[in-house]
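> So I've got this file, target32.cif, and it contains mmCIF, C-alpha atoms:
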data_entry
loop_
_atom_site.label_atom_id
_atom_site.label_comp_id
_atom_site.auth_asym_id
_atom_site.auth_seq_id
_atom_site.Cartn_x
_atom_site.Cartn_y
_atom_site.Cartn_z
CA MET A 28 -285.30 -31.43 -12.21
CA ALA A 29 -283.52 -32.25 -8.99
CA ARG A 30 -279.85 -33.10 -9.14
CA PHE A 31 -280.37 -36.87 -8.84
CA SER A 32 -282.49 -36.79 -12.01
CA GLN A 33 -279.93 -34.60 -13.78
CA LEU A 34 -277.14 -37.04 -12.95
CA ALA A 35 -279.26 -39.94 -14.25
CA LEU A 36 -279.93 -38.13 -17.52
CA ALA A 37 -276.26 -37.33 -18.01
CA SER A 38 -275.13 -40.91 -17.42
CA ALA A 39 -277.99 -42.26 -19.54
CA GLN A 40 -276.86 -40.12 -22.47
CA MET A 41 -273.28 -41.36 -22.03
CA ALA A 42 -274.48 -44.95 -21.94
CA VAL A 43 -276.65 -44.62 -25.04
CA ASP A 44 -273.81 -42.94 -26.93
CA ASP A 45 -271.32 -45.61 -25.84
CA SER A 46 -273.69 -48.44 -26.81
CA GLY A 47 -274.12 -47.27 -30.38
CA LEU A 48 -277.90 -47.59 -30.08
CA ASP A 49 -279.92 -45.67 -32.65
CA LEU A 50 -283.06 -45.15 -30.61
CA GLU A 51 -284.93 -43.68 -33.57
CA ARG A 52 -284.81 -47.10 -35.24
CA GLU A 53 -286.03 -49.01 -32.17
CA ASP A 54 -289.55 -49.90 -31.11
CA HIS A 55 -289.98 -47.48 -28.20
CA GLU A 56 -292.55 -49.74 -26.56
CA ARG A 57 -289.79 -52.36 -26.22
CA ILE A 58 -287.42 -49.98 -24.40
CA GLY A 59 -287.64 -49.85 -20.61
CA VAL A 60 -286.09 -47.82 -17.80
CA LEU A 61 -285.43 -49.27 -14.36
CA LEU A 62 -283.31 -47.22 -11.96
CA GLY A 63 -282.49 -47.43 -8.29
CA THR A 64 -282.24 -44.57 -5.82
CA GLY A 65 -282.26 -44.53 -2.07
CA ILE A 66 -283.84 -41.22 -1.20
CA GLY A 67 -284.88 -38.97 -4.06
CA SER A 68 -283.97 -35.36 -3.38
CA LEU A 69 -283.21 -34.39 0.22
CA PRO A 70 -281.42 -31.18 -0.87
CA THR A 71 -284.56 -30.00 -2.66
CA THR A 72 -286.73 -30.89 0.33
CA GLN A 73 -284.47 -28.86 2.62
CA GLU A 74 -284.37 -25.93 0.20
CA ILE A 75 -288.15 -25.82 -0.22
CA CYS A 76 -288.76 -26.08 3.53
CA GLN A 77 -286.52 -23.07 4.07
CA GLU A 78 -288.29 -21.25 1.25
CA MET A 79 -291.69 -21.95 2.79
CA LEU A 80 -290.61 -20.68 6.21
CA SER A 81 -289.16 -17.47 4.77
CA LYS A 82 -291.68 -16.69 2.00
CA GLY A 83 -294.85 -18.54 2.92
CA ALA A 84 -296.52 -21.76 1.78
CA MET A 85 -297.86 -20.39 -1.53
CA LYS A 86 -294.51 -18.98 -2.63
CA ILE A 87 -292.59 -22.24 -2.94
CA ASN A 88 -291.33 -23.73 -6.20
CA PRO A 89 -294.34 -25.27 -8.01
CA PHE A 90 -292.12 -28.09 -9.24
CA PHE A 91 -291.35 -29.18 -5.65
CA ILE A 92 -293.28 -32.47 -5.65
CA PRO A 93 -292.24 -33.74 -9.12
CA MET A 94 -288.64 -32.79 -8.32
CA ILE A 95 -288.33 -34.85 -5.15
CA LEU A 96 -290.25 -38.04 -5.98
CA PRO A 97 -287.79 -40.97 -6.22
CA ASN A 98 -289.44 -42.31 -9.38
CA MET A 99 -288.72 -39.11 -11.31
CA ALA A 100 -285.21 -40.15 -12.37
CA SER A 101 -286.67 -43.15 -14.21
CA ALA A 102 -289.56 -41.05 -15.47
CA ASN A 103 -287.34 -38.24 -16.75
CA VAL A 104 -284.96 -40.64 -18.49
CA ALA A 105 -287.93 -42.35 -20.15
CA ARG A 106 -289.40 -39.01 -21.21
CA ILE A 107 -286.20 -37.64 -22.70
CA PHE A 108 -285.29 -40.87 -24.53
CA GLY A 109 -288.82 -41.86 -25.51
CA ALA A 110 -288.70 -45.17 -23.63
CA LYS A 111 -292.37 -46.17 -23.54
CA GLY A 112 -291.99 -49.71 -22.23
CA TYR A 113 -291.57 -51.21 -18.77
CA ASN A 114 -290.67 -48.51 -16.24
CA SER A 115 -289.99 -48.76 -12.53
CA THR A 116 -287.88 -47.50 -9.65
CA VAL A 117 -286.25 -49.60 -6.95
CA ILE A 118 -285.97 -47.84 -3.58
CA THR A 119 -284.32 -50.49 -1.40
CA ALA A 120 -281.88 -48.11 0.30
CA CYS A 121 -278.23 -48.84 -0.54
CA ALA A 122 -279.15 -52.04 -2.41
CA ALA A 123 -281.37 -50.13 -4.84
CA SER A 124 -279.33 -49.83 -8.03
CA ASN A 125 -277.85 -53.32 -7.76
CA GLN A 126 -281.37 -54.67 -7.44
CA ALA A 127 -282.53 -52.44 -10.32
CA ILE A 128 -279.97 -54.09 -12.62
CA GLY A 129 -281.11 -57.53 -11.52
CA GLU A 130 -284.79 -56.65 -11.97
CA ALA A 131 -284.02 -55.19 -15.40
CA SER A 132 -282.43 -58.47 -16.46
CA GLU A 133 -285.57 -60.25 -15.25
CA ALA A 134 -287.77 -57.97 -17.37
CA ILE A 135 -285.74 -58.96 -20.42
CA ARG A 136 -285.93 -62.65 -19.47
CA ARG A 137 -289.72 -62.33 -19.21
CA GLY A 138 -289.80 -60.93 -22.72
CA VAL A 139 -291.54 -57.64 -21.90
CA VAL A 140 -288.66 -55.50 -23.23
CA ASP A 141 -285.64 -55.85 -25.50
CA ILE A 142 -283.61 -52.96 -24.05
CA VAL A 143 -283.47 -51.50 -20.55
CA LEU A 144 -281.63 -48.39 -19.41
CA THR A 145 -280.78 -49.46 -15.88
CA GLY A 146 -278.55 -48.54 -12.97
CA GLY A 147 -278.97 -45.89 -10.35
CA THR A 148 -278.51 -42.36 -9.14
CA GLU A 149 -278.18 -40.45 -5.89
CA ALA A 150 -277.63 -36.82 -4.93
CA SER A 151 -278.61 -36.48 -1.30
CA ILE A 152 -275.74 -34.56 0.29
CA SER A 153 -277.34 -31.76 2.30
CA GLU A 154 -277.40 -30.47 5.85
CA LEU A 155 -280.60 -32.43 6.42
CA GLY A 156 -279.21 -35.70 5.09
CA LEU A 157 -275.85 -35.36 6.81
CA SER A 158 -277.58 -34.54 10.10
CA GLY A 159 -279.70 -37.66 9.81
CA PHE A 160 -276.75 -39.95 9.22
CA CYS A 161 -274.65 -38.20 11.84
CA ILE A 162 -277.27 -38.68 14.55
CA LEU A 163 -277.25 -42.40 13.65
CA LYS A 164 -273.45 -42.35 14.11
CA ALA A 165 -273.13 -43.85 10.62
CA LEU A 166 -270.60 -41.37 9.17
CA SER A 167 -266.85 -41.26 9.57
CA THR A 168 -265.61 -38.45 11.80
CA ARG A 169 -262.05 -38.56 10.43
CA ASN A 170 -262.44 -34.98 9.24
CA GLU A 171 -258.78 -34.10 9.73
CA GLU A 172 -257.80 -36.75 7.12
CA PRO A 173 -260.65 -36.87 4.60
CA ASP A 174 -258.59 -38.84 2.08
CA LYS A 175 -258.21 -41.61 4.68
CA ALA A 176 -261.74 -41.52 6.07
CA SER A 177 -263.17 -44.30 3.91
CA ARG A 178 -261.33 -47.46 4.95
CA PRO A 179 -263.50 -50.56 4.53
CA PHE A 180 -262.36 -53.65 6.43
CA ASP A 181 -259.58 -51.73 8.20
CA ALA A 182 -259.48 -51.89 12.01
CA GLY A 183 -259.59 -48.09 12.15
CA ARG A 184 -262.84 -47.69 10.18
CA ASP A 185 -265.40 -45.49 11.88
CA GLY A 186 -268.22 -44.94 9.37
CA PHE A 187 -268.94 -44.28 5.73
CA VAL A 188 -268.18 -41.23 3.59
CA PRO A 189 -271.25 -40.00 1.64
CA ALA A 190 -271.02 -39.50 -2.10
CA GLU A 191 -273.16 -38.58 -5.08
CA GLY A 192 -273.24 -40.03 -8.56
CA SER A 193 -275.00 -42.03 -11.22
CA ALA A 194 -274.19 -44.93 -13.51
CA ILE A 195 -276.35 -46.36 -16.27
CA LEU A 196 -275.91 -49.63 -18.15
CA ILE A 197 -277.64 -50.65 -21.35
CA LEU A 198 -279.07 -54.14 -20.94
CA GLU A 199 -280.32 -55.98 -24.01
CA SER A 200 -281.54 -59.43 -24.85
CA LEU A 201 -278.77 -61.42 -26.51
CA GLU A 202 -280.83 -61.74 -29.69
CA HIS A 203 -281.35 -57.99 -29.94
CA ALA A 204 -277.69 -57.21 -29.24
CA LEU A 205 -276.50 -59.68 -31.89
CA ASP A 206 -279.04 -58.49 -34.46
CA ARG A 207 -277.76 -54.91 -34.26
CA GLY A 208 -274.07 -55.92 -34.05
CA ALA A 209 -273.56 -54.49 -30.57
CA THR A 210 -270.24 -54.66 -28.77
CA ILE A 211 -271.18 -56.88 -25.84
CA LEU A 212 -269.22 -55.94 -22.73
CA ALA A 213 -270.45 -58.60 -20.30
CA GLU A 214 -273.45 -60.69 -19.29
CA VAL A 215 -275.73 -60.27 -16.29
CA ALA A 216 -275.71 -63.93 -15.35
CA GLY A 217 -277.95 -63.92 -12.28
CA PHE A 218 -279.09 -62.10 -9.19
CA GLY A 219 -280.58 -62.74 -5.78
CA THR A 220 -282.34 -60.52 -3.29
CA SER A 221 -283.39 -61.16 0.31
CA CYS A 222 -284.39 -59.39 3.51
CA ASP A 223 -282.87 -59.85 6.96
CA ALA A 224 -286.26 -59.21 8.62
CA PHE A 225 -284.15 -58.26 11.63
CA HIS A 226 -283.67 -54.52 12.34
CA ALA A 227 -284.41 -51.10 10.85
CA VAL A 228 -280.78 -50.16 10.22
CA GLN A 229 -278.45 -52.87 11.54
CA PRO A 230 -277.63 -55.94 9.46
CA ASP A 231 -278.43 -59.39 10.79
CA GLU A 232 -275.53 -60.10 13.12
CA THR A 233 -275.20 -63.67 11.81
CA GLY A 234 -274.79 -62.51 8.20
CA GLU A 235 -277.40 -65.06 7.14
CA GLY A 236 -279.52 -62.57 5.17
CA ALA A 237 -276.56 -61.46 3.08
CA ALA A 238 -275.37 -65.04 2.67
CA ARG A 239 -278.83 -66.02 1.43
CA ALA A 240 -278.74 -63.35 -1.30
CA ILE A 241 -275.25 -64.48 -2.35
CA ARG A 242 -276.36 -68.12 -2.57
CA TRP A 243 -279.44 -67.22 -4.58
CA ALA A 244 -277.44 -65.07 -7.02
CA LEU A 245 -274.96 -67.89 -7.59
CA ALA A 246 -277.79 -70.39 -8.04
CA ASP A 247 -279.58 -68.10 -10.50
CA ALA A 248 -276.37 -67.78 -12.50
CA GLU A 249 -275.74 -71.54 -12.23
CA THR A 250 -272.31 -70.58 -10.95
CA PRO A 251 -270.67 -72.46 -8.05
CA PRO A 252 -268.62 -70.41 -5.54
CA GLU A 253 -265.31 -71.80 -6.80
CA THR A 254 -265.81 -70.15 -10.22
CA ILE A 255 -266.03 -66.61 -8.82
CA ASP A 256 -262.85 -64.71 -9.71
CA TYR A 257 -263.57 -61.50 -7.81
CA ILE A 258 -266.06 -60.10 -5.30
CA ASN A 259 -266.94 -56.42 -5.39
CA ALA A 260 -267.91 -55.91 -1.78
CA HIS A 261 -270.56 -53.63 -0.33
CA GLY A 262 -267.70 -52.55 1.96
CA THR A 263 -269.03 -49.36 3.53
CA SER A 264 -266.31 -48.71 6.15
CA THR A 265 -268.71 -49.20 9.04
CA GLN A 266 -267.82 -51.54 11.89
CA LEU A 267 -270.89 -53.76 11.61
CA ASN A 268 -271.30 -53.97 7.84
CA ASP A 269 -267.74 -54.95 6.98
CA ALA A 270 -267.48 -57.62 9.66
CA ILE A 271 -270.89 -59.11 8.82
CA GLU A 272 -270.25 -59.05 5.06
CA THR A 273 -267.00 -60.91 5.70
CA MET A 274 -268.95 -63.45 7.76
CA ALA A 275 -271.50 -63.90 4.97
CA ILE A 276 -268.79 -64.49 2.36
CA LYS A 277 -267.20 -67.13 4.58
CA THR A 278 -270.58 -68.80 5.10
CA VAL A 279 -271.11 -69.27 1.36
CA PHE A 280 -267.55 -69.72 0.11
CA GLY A 281 -266.00 -71.69 2.96
CA GLU A 282 -262.23 -72.03 2.53
CA ARG A 283 -262.53 -70.49 -0.93
CA ALA A 284 -263.31 -67.19 0.83
CA TYR A 285 -259.64 -66.86 1.71
CA LYS A 286 -258.55 -67.24 -1.93
CA VAL A 287 -260.92 -64.99 -3.87
CA PRO A 288 -259.91 -61.31 -4.13
CA ILE A 289 -262.40 -58.85 -2.63
CA SER A 290 -262.35 -55.07 -2.87
CA SER A 291 -264.52 -52.07 -2.05
CA THR A 292 -265.11 -49.37 -4.65
CA LYS A 293 -266.40 -47.16 -1.82
CA SER A 294 -262.90 -46.97 -0.36
CA MET A 295 -262.04 -44.61 -3.24
CA VAL A 296 -265.30 -42.93 -4.28
CA GLY A 297 -267.33 -42.98 -1.06
CA HIS A 298 -270.84 -44.34 -0.60
CA ALA A 299 -273.40 -43.12 -3.12
CA LEU A 300 -276.21 -44.89 -1.23
CA GLY A 301 -278.87 -46.01 -3.75
CA GLY A 302 -276.53 -45.20 -6.64
CA ALA A 303 -273.59 -47.17 -5.28
CA GLY A 304 -274.47 -50.56 -6.75
CA ALA A 305 -274.58 -49.15 -10.28
CA LEU A 306 -271.20 -47.46 -9.92
CA GLU A 307 -269.84 -50.76 -8.64
CA ALA A 308 -271.44 -52.66 -11.53
CA VAL A 309 -269.35 -50.54 -13.89
CA ALA A 310 -266.25 -51.43 -11.86
CA CYS A 311 -267.17 -55.12 -12.12
CA VAL A 312 -267.56 -54.99 -15.89
CA LYS A 313 -264.32 -53.04 -16.28
CA SER A 314 -262.52 -55.68 -14.21
CA ILE A 315 -263.69 -58.29 -16.71
CA LEU A 316 -262.72 -56.16 -19.72
CA ASP A 317 -259.37 -54.87 -18.47
CA GLY A 318 -258.11 -57.69 -16.25
CA VAL A 319 -257.58 -55.30 -13.36
CA ILE A 320 -259.02 -55.60 -9.85
CA HIS A 321 -259.05 -52.23 -8.15
CA PRO A 322 -257.76 -52.07 -4.56
CA THR A 323 -259.37 -51.35 -1.24
CA VAL A 324 -257.39 -48.29 -0.20
CA ASN A 325 -256.47 -47.15 3.30
CA GLN A 326 -255.68 -50.65 4.50
CA GLU A 327 -253.33 -49.90 7.39
CA ARG A 328 -254.41 -51.96 10.40
CA PRO A 329 -255.73 -55.51 9.92
CA ASP A 330 -258.96 -56.34 11.74
CA PRO A 331 -259.17 -59.92 13.07
CA SER A 332 -262.86 -60.01 12.14
CA CYS A 333 -262.03 -59.00 8.55
CA ASP A 334 -259.30 -61.44 7.60
CA LEU A 335 -259.86 -62.06 3.87
CA ASP A 336 -257.97 -60.79 0.81
CA TYR A 337 -259.26 -57.25 0.29
CA VAL A 338 -256.65 -56.35 -2.39
CA PRO A 339 -254.98 -53.86 -0.03
CA ASN A 340 -253.91 -50.48 -1.43
CA VAL A 341 -252.56 -51.63 -4.82
CA ALA A 342 -254.52 -52.71 -7.90
CA ARG A 343 -253.99 -56.28 -9.09
CA GLN A 344 -253.59 -57.56 -12.65
CA GLN A 345 -255.65 -60.72 -13.02
CA ARG A 346 -257.93 -62.35 -15.56
CA VAL A 347 -261.50 -62.00 -14.38
CA ASP A 348 -264.32 -64.02 -15.96
CA VAL A 349 -267.01 -64.06 -13.26
CA VAL A 350 -267.70 -61.35 -10.66
CA LEU A 351 -270.05 -61.21 -7.69
CA SER A 352 -271.28 -57.75 -6.67
CA ASN A 353 -272.78 -57.27 -3.18
CA SER A 354 -275.10 -54.48 -2.03
CA PHE A 355 -276.83 -54.26 1.33
CA GLY A 356 -279.06 -51.56 2.77
CA PHE A 357 -281.12 -50.24 5.67
CA GLY A 358 -284.17 -52.34 6.37
CA GLY A 359 -282.14 -55.51 5.91
CA GLN A 360 -282.18 -55.25 2.11
CA ASN A 361 -279.67 -57.56 0.41
CA THR A 362 -279.00 -57.85 -3.31
CA CYS A 363 -276.20 -59.65 -5.13
CA THR A 364 -275.58 -59.81 -8.88
CA VAL A 365 -273.27 -62.02 -10.92
CA PHE A 366 -271.57 -60.55 -14.00
CA ARG A 367 -269.86 -62.88 -16.45
CA ARG A 368 -267.53 -62.54 -19.43
CA TYR A 369 -269.51 -62.90 -22.63
CA ALA A 370 -268.46 -66.00 -24.56
CA GLU A 371 -269.28 -65.72 -28.26
#
In structure tokens, write the structure found in this file.


Amino acid sequence: MARFSQLALASAQMAVDDSGLDLEREDHERIGVLLGTGIGSLPTTQEICQEMLSKGAMKINPFFIPMILPNMASANVARIFGAKGYNSTVITACAASNQAIGEASEAIRRGVVDIVLTGGTEASISELGLSGFCILKALSTRNEEPDKASRPFDAGRDGFVPAEGSAILILESLEHALDRGATILAEVAGFGTSCDAFHAVQPDETGEGAARAIRWALADAETPPETIDYINAHGTSTQLNDAIETMAIKTVFGERAYKVPISSTKSMVGHALGGAGALEAVACVKSILDGVIHPTVNQERPDPSCDLDYVPNVARQQRVDVVLSNSFGFGGQNTCTVFRRYAE
């Protein structure tokens, strides 16, 4: 398996163990897998290309194709855990794993599964991948201060810092979770997804596409903007994204935008591309459970175009009942999910 599949399997095992699920007692046709990834395996593609050039076309690894296909993380998790139900992969760039979680909740709502292993994974750091992002001028060049390179919403931001990782959540129907006596951590209350239909890599400069996804997520959750306690921002540390995300939040929240705390997980862990939304979903749920909003680090110079409360540099103790999580990606992909405290 390629590394992105390995990471997904590791986090899936952690999630299953943490959930207390006894998969042997479950109907495997009612267990689904729905993961997001942005790329699949660029490192493997680079490695095999080099192998072909040095050894010849018929000397490459015979597992090349099934290693690199983006759907193989979902397929491998299903194979190892015997999940024979609904299975899919979302490949909407950096919105992928956020959208996967939303789509997984929809599969449960439709009644086609009782349990879904969902989230995302990414392991694309390679010379090939870094070259591609560098030529787009998307990466930070603050190489002399790597710990300060990721600085979403700061005036000195100059690009994102790539990362790798995976996070898996166990989603269940409420009936199934109650029947087995599960410890319910939170509720996926709603989600919305939209497309800018604007540009291959740049977000819509008006922020309307992102705002539309936010509005639809809130509507799906039947949650008005004033009830949101915290926004986990996409916050990539790029000039365009952070300013346009701020604009979108203002469009939907109005004056409330200046009162709701917002922070970027990527400021501390970097940008895991298609896996980022799942990592951030875990941060959202932990904010609900622990009453802690993590900071946006490296806030040193305020940017007039990013003038909201980004929880600068220091974590904040606060009760959190409802969280909005934003994820946006190349191609104008926008997905937002609402997580809510479970009320027994």

> Starting from the shown file, work through the PyMOL selection byres ((chain A and resi 247) around 10) and note down what comes out as an MDAnalysis selection string.

chainID A and resid 216:219 241:246 248:250 364:365

> Between atom CA of Ser290 of chain A and atom CA of Glu199 of chain A, what distance in Å does the model show, to one decimal?

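Taking atom CA of Ser290 of chain A as the start and atom CA of Glu199 of chain A as the end point, the length is 27.8 Å.
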
> So how far away is atom CA of Asp54 of chain A from atom CA of Ala308 of chain A, in Å?

26.8 Å

> For the interface of segment 266-336 of chain A with segment 60-82 of chain A (cut-off 8 Å, counting all atoms listed in the file), please tabulate each contacting residue of segment 266-336 of chain A alongside its nearest pair of atoms and their separation in Å to one decimal, rows sorted by chain and increasing number, as CSV.


residue,atom,partner,partner_atom,distance
A:Leu300,CA,A:Gly65,CA,6.1
A:Gly301,CA,A:Gly65,CA,4.1
A:Gly302,CA,A:Thr64,CA,5.8

> Could you tell me which residues the PyMOL selection byres ((chain A and resi 107) around 12) grabs in this file, written as a list in words?

Ser32, Gln33, Ala35, Leu36, Ala37, Ala39, Gln40, Leu50, His55, Val60, Met99, Ala100, Ser101, Ala102, Asn103, Val104, Ala105, Arg106, Phe108, Gly109, Ala110 and Lys111 of chain A

> Leaving out Val338 of chain A and any residue of its chain fewer than 6 positions from it, which residues lie within 10 Å of it when counting only C-alpha atoms, given as a list in words?

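Near Val338 of chain A, the qualifying residues are Val287, Pro288, Ile289, Ser290, Ser291, Ile320, His321, Pro322, Thr323, Val324 and Gln326 of chain A.
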
> Between atom CA of Ile211 of chain A and atom CA of Val341 of chain A, what is the distance, to one decimal in Å?

28.6 Å

> Exactly which residues make up the result of the PyMOL selection byres ((chain A and resi 271) around 8) on this file, given as a count of residues only?

13

> Nearest to Glu327 of chain A among A:Glu371, A:Glu149, A:Asp45, A:Asp181, with distances taken over all atoms listed in the file: which residue is it?

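That would be A:Asp181, the residue with the smallest distance to Glu327 of chain A.
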